[in-house]
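**Student:** One structure, as C-alpha cells, below. Some questions next.
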Amino acid sequence: MGLLNVIHRLALREKLPIREIARRTGLSRNTIKKYLKAGTIEPKFSVPERASKLDPFADKLAAWLKTEASKSRKQRRPLTHLHADLVALGF
C-alpha cells in the first residue's frame with residue numbers, strides 16, 4: 001500500500017488529526033496537508049503483456065521438463081544440456 005493511500009486512510013477512515021498522521025508516517029504536517037488538499041490518489045501502473053523469448057520453444061521445453069521429471073535424479077539431464085539443446089534449436 002502506497003504512502004498516499006495510508007495518509008488518506010488515516011485521515012478519512014480513522015479520523016486521526018494531522019499531527020498524529022505526521023507522527024506515524026514520519027512526514028511533516030505541511031506535507032500531509034498538501035497531500036490531503038490535493039486529493040490525488042496513488043498512481044497504478046499496468047505492465048503491458050510482452051512476448052517472451054522462450055515462447056517459440058515453450059512447448060518443446062515443457063515436454064522435455066515433463067520427461068525429465070519422471071526420471072530419477074541420477075538419470076536426469078542437467079540444465080546446461082537442456083540449454084545447449086535449446087541453443088541448437090535456435091534460441
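Quick note on naming: the chains in the C-alpha cells go A, B, ... in the order shown, residues restart at 1 in each chain, and ligands are numbered from 1 in order of appearance.
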Env of A:Ile41: 9 Å cut, atoms = only C-alpha atoms, seq-sep filter 4 positions within chain, self excluded. Answer as a PyMOL selection string.

**Tutor:** chain A and resi 4-5+8

**Student:** Deliver the residues from the most recent selection as a file, using N, CA, C and O atoms, as an mmCIF file, in the first residue's frame.

**Tutor:**
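Listed below is the output, result36.cif:
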data_model
loop_
_atom_site.group_PDB
_atom_site.id
_atom_site.type_symbol
_atom_site.label_atom_id
_atom_site.label_comp_id
_atom_site.auth_asym_id
_atom_site.auth_seq_id
_atom_site.Cartn_x
_atom_site.Cartn_y
_atom_site.Cartn_z
ATOM 1 N N LEU A 4 0.420 7.554 -0.052
ATOM 2 C CA LEU A 4 -0.773 8.390 -0.199
ATOM 3 C C LEU A 4 -2.017 7.661 0.296
ATOM 4 O O LEU A 4 -2.885 8.257 0.942
ATOM 5 N N ASN A 5 -2.095 6.372 0.010
ATOM 6 C CA ASN A 5 -3.236 5.589 0.487
ATOM 7 C C ASN A 5 -3.261 5.512 2.010
ATOM 8 O O ASN A 5 -4.327 5.563 2.622
ATOM 9 N N HIS A 8 -4.488 8.920 3.354
ATOM 10 C CA HIS A 8 -5.935 9.079 3.162
ATOM 11 C C HIS A 8 -6.722 8.174 4.113
ATOM 12 O O HIS A 8 -7.744 8.577 4.662
#

**Student:** When DSSP is applied to the backbone of this structure, which of chain A are assigned alpha helix (DSSP H)? Write them out as a PyMOL selection string.

**Tutor:** chain A and resi 3-8+18-25+29-38+58-70+79-89

**Student:** Could you write out the selected residues, including C-alpha atoms, as a PDB file, in the first residue's frame?

**Tutor:**
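The resulting file, out.pdb, is shown below:
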ATOM      1  CA  LEU A   3       2.030   6.295   1.278  1.00  0.00           C
ATOM      2  CA  LEU A   4      -0.773   8.390  -0.199  1.00  0.00           C
ATOM      3  CA  ASN A   5      -3.236   5.589   0.487  1.00  0.00           C
ATOM      4  CA  VAL A   6      -2.016   5.332   4.071  1.00  0.00           C
ATOM      5  CA  ILE A   7      -2.429   9.069   4.633  1.00  0.00           C
ATOM      6  CA  HIS A   8      -5.935   9.079   3.162  1.00  0.00           C
ATOM      7  CA  ILE A  18      -2.772  15.684  11.010  1.00  0.00           C
ATOM      8  CA  ARG A  19      -0.299  15.783  13.891  1.00  0.00           C
ATOM      9  CA  GLU A  20      -0.879  12.093  14.659  1.00  0.00           C
ATOM     10  CA  ILE A  21      -0.581  11.134  10.981  1.00  0.00           C
ATOM     11  CA  ALA A  22       2.697  13.056  10.825  1.00  0.00           C
ATOM     12  CA  ARG A  23       3.971  11.205  13.875  1.00  0.00           C
ATOM     13  CA  ARG A  24       3.021   7.785  12.452  1.00  0.00           C
ATOM     14  CA  THR A  25       4.349   8.366   8.940  1.00  0.00           C
ATOM     15  CA  ARG A  29       2.461  18.262   8.840  1.00  0.00           C
ATOM     16  CA  ASN A  30       2.791  20.567   5.822  1.00  0.00           C
ATOM     17  CA  THR A  31       3.399  17.599   3.523  1.00  0.00           C
ATOM     18  CA  ILE A  32       0.374  15.759   4.867  1.00  0.00           C
ATOM     19  CA  LYS A  33      -1.806  18.861   4.465  1.00  0.00           C
ATOM     20  CA  LYS A  34      -0.581  19.194   0.882  1.00  0.00           C
ATOM     21  CA  TYR A  35      -1.427  15.562   0.073  1.00  0.00           C
ATOM     22  CA  LEU A  36      -4.874  15.774   1.657  1.00  0.00           C
ATOM     23  CA  LYS A  37      -5.713  19.095  -0.014  1.00  0.00           C
ATOM     24  CA  ALA A  38      -4.591  17.895  -3.461  1.00  0.00           C
ATOM     25  CA  ALA A  58       7.763 -23.315 -24.754  1.00  0.00           C
ATOM     26  CA  ASP A  59       6.020 -26.490 -25.924  1.00  0.00           C
ATOM     27  CA  LYS A  60       9.276 -28.326 -26.619  1.00  0.00           C
ATOM     28  CA  LEU A  61      10.791 -27.216 -23.308  1.00  0.00           C
ATOM     29  CA  ALA A  62       7.683 -28.215 -21.349  1.00  0.00           C
ATOM     30  CA  ALA A  63       7.794 -31.679 -22.910  1.00  0.00           C
ATOM     31  CA  TRP A  64      11.482 -32.028 -22.042  1.00  0.00           C
ATOM     32  CA  LEU A  65      10.913 -30.967 -18.448  1.00  0.00           C
ATOM     33  CA  LYS A  66       7.983 -33.342 -18.089  1.00  0.00           C
ATOM     34  CA  THR A  67      10.047 -36.309 -19.275  1.00  0.00           C
ATOM     35  CA  GLU A  68      12.975 -35.287 -17.075  1.00  0.00           C
ATOM     36  CA  ALA A  69      10.721 -35.004 -14.010  1.00  0.00           C
ATOM     37  CA  SER A  70       9.652 -38.623 -14.357  1.00  0.00           C
ATOM     38  CA  LEU A  79      20.050 -27.744 -17.166  1.00  0.00           C
ATOM     39  CA  THR A  80      23.188 -26.911 -19.116  1.00  0.00           C
ATOM     40  CA  HIS A  81      22.356 -29.775 -21.512  1.00  0.00           C
ATOM     41  CA  LEU A  82      18.771 -28.556 -21.852  1.00  0.00           C
ATOM     42  CA  HIS A  83      20.084 -25.072 -22.588  1.00  0.00           C
ATOM     43  CA  ALA A  84      22.503 -26.456 -25.185  1.00  0.00           C
ATOM     44  CA  ASP A  85      19.593 -28.260 -26.878  1.00  0.00           C
ATOM     45  CA  LEU A  86      17.585 -25.014 -26.931  1.00  0.00           C
ATOM     46  CA  VAL A  87      20.537 -23.189 -28.492  1.00  0.00           C
ATOM     47  CA  ALA A  88      20.780 -25.933 -31.126  1.00  0.00           C
ATOM     48  CA  LEU A  89      17.098 -25.286 -31.952  1.00  0.00           C
TER      49      LEU A  89
END

**Student:** Go ahead and compute the interatomic distance for atom CA of A:Leu27 and atom CA of A:Phe45, in Å to one decimal.

**Tutor:**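 So the two atoms, atom CA of A:Leu27 and atom CA of A:Phe45, lie 24.6 Å apart.
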
**Student:** Would you mind reading off the distance between atom CA of A:Gly90 and atom CA of A:Arg50, one decimal, in Å?

**Tutor:** 20.0 Å

**Student:** Rounded to one decimal in Å, what is the spacing between atom CA of A:Pro56 and atom CA of A:Pro78?

**Tutor:**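 About the pair atom CA of A:Pro56 and atom CA of A:Pro78: they are 21.5 Å apart.
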